[in-house]
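Notes to accompany the following structure.
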Amino acid sequence: MTKKTIAVIVRSADPARIAEALRGAVGLTLRGDRVQVAIADAAAAHSGDRAILRAVATLTSFGYPVGSGDAAVAAALREADAIEVWS
């Protein structure tokens with residue numbers, strides 16, 4: 001089975017929705033595919049929220065990159081085989 005790269009793009013400005021998206025990304029890692037998360041500029045303002053920090057720490061501790069900013073979104077989109085957008 002070929003591994004896919006799944007890009008999880010977070011565009012929401014709602015901290016609860018951002019945390020939910022990141023928890024969803026953690027769940028996607030269980031499939032064995034590569035997961036790359038990119039938090040758009042609109043969502044990055046809430047990156048200090050505890051639930052968000054915890055989810056980012058979990059993803060990065062397992063070796064899954066979490067980028068911040070619109071440039072990270074563009075990079076994730078270029079590498080993705082599948083895209084999941086949270087807005």
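For the structure tokens, the naming scheme is as follows: chains receive sequential letters (A, B, ...) according to their order of presentation, residues are indexed from 1 within each chain, and ligands are indexed from 1 in presentation order.
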
_What's around Val26 in chain A at 8 Å? Count only C-alpha atoms, leave out sequence neighbours fewer than 4 positions away in its own chain, and write the answer as a list of chain:residue names._
A:Leu22, A:Leu30, A:Ala55, A:Thr58, A:Leu59

Write a file of the just-selected residues containing C-alpha atoms, as a PDB file, in the first residue's frame.
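The resulting file, result.pdb, is shown below:
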ATOM      1  CA  LEU A  22      -5.628  19.514  14.916  1.00  0.00           C
ATOM      2  CA  LEU A  30      -3.320   6.493  12.679  1.00  0.00           C
ATOM      3  CA  ALA A  55      -2.334  19.193  19.679  1.00  0.00           C
ATOM      4  CA  THR A  58       1.440  15.839  19.913  1.00  0.00           C
ATOM      5  CA  LEU A  59       1.757  16.046  16.130  1.00  0.00           C
TER       6      LEU A  59
END

*Please, which residues of chain A, numbered as in this document, come out strand (DSSP E or B) from DSSP, as a PyMOL selection string?*
chain A and resi 5-10+34-39+66-68+82-86

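If you measure from each of A:Pro15, A:Lys4, A:Gly32, A:Glu84 to Ile52 in chain A using only C-alpha atoms, the closest one turns out to be A:Pro15.
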
_Taking the DSSP secondary structure from the backbone, can you list the residues of range 33-67 of chain A that are helix (DSSP H, G or I), as a count of residues only?_
16

*Which polymer residues have any atom within 8 Å of an atom of Val37 in chain A, counting only C-alpha atoms, with same-chain residues fewer than 3 positions away left out, as a list in words?*
Ala7, Val8, Ile9, Val10, Leu22, Ala25, Tyr64, Pro65, Val66, Gly67 and Ala76 of chain A

*If you count only C-alpha atoms, which residues fall within 6 Å of range 70-74 of chain A, apart from same-chain ones fewer than 4 positions away, as number ranges by chain?*
A: 38, 40-41

Would you output that residue set with N, CA and C atoms, as a PDB file, in the first residue's frame?
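Contents of part-v2.pdb, as written:
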ATOM      1  N   ALA A  38      -1.002  22.722   8.080  1.00  0.00           N
ATOM      2  CA  ALA A  38      -0.634  24.115   7.830  1.00  0.00           C
ATOM      3  C   ALA A  38      -1.735  25.001   8.405  1.00  0.00           C
ATOM      4  N   ALA A  40      -3.220  28.570   8.532  1.00  0.00           N
ATOM      5  CA  ALA A  40      -3.216  29.814   7.755  1.00  0.00           C
ATOM      6  C   ALA A  40      -3.080  31.025   8.675  1.00  0.00           C
ATOM      7  N   ASP A  41      -2.697  32.144   8.066  1.00  0.00           N
ATOM      8  CA  ASP A  41      -2.502  33.377   8.829  1.00  0.00           C
ATOM      9  C   ASP A  41      -3.712  33.735   9.687  1.00  0.00           C
TER      10      ASP A  41
END

*Which residue out of A:Ala80, A:Ala13, A:Ala75, A:Leu53 has the minimum interatomic distance to Arg34 in chain A when only C-alpha atoms are used?*
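Ranked by minimum distance to Arg34 in chain A, first place goes to A:Ala80.
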
*Between CA of Arg31 in chain A and CA of Asp14 in chain A, what is the spacing in Å?*
26.8 Å

*By how many Å are CA of Ser12 in chain A and CA of Gly69 in chain A apart?*
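CA of Gly69 in chain A lies 12.6 Å from CA of Ser12 in chain A.
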
*Quote the spacing between CA of Arg54 in chain A and CA of Trp86 in chain A in Å to one decimal place.*
18.1 Å

*Pick out the closest residue to Arg23 in chain A from this set: A:Ala42, A:Ser87, A:Asp81, A:Ala51. Count only C-alpha atoms.*
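So, comparing all the options, the nearest one is A:Ala51.
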
*Compare A:Leu28, A:Asp49, A:Ala21, A:Ile6 by their minimum atom-to-atom distance to Arg78 in chain A, counting only C-alpha atoms, and give me the closest one.*
A:Ile6
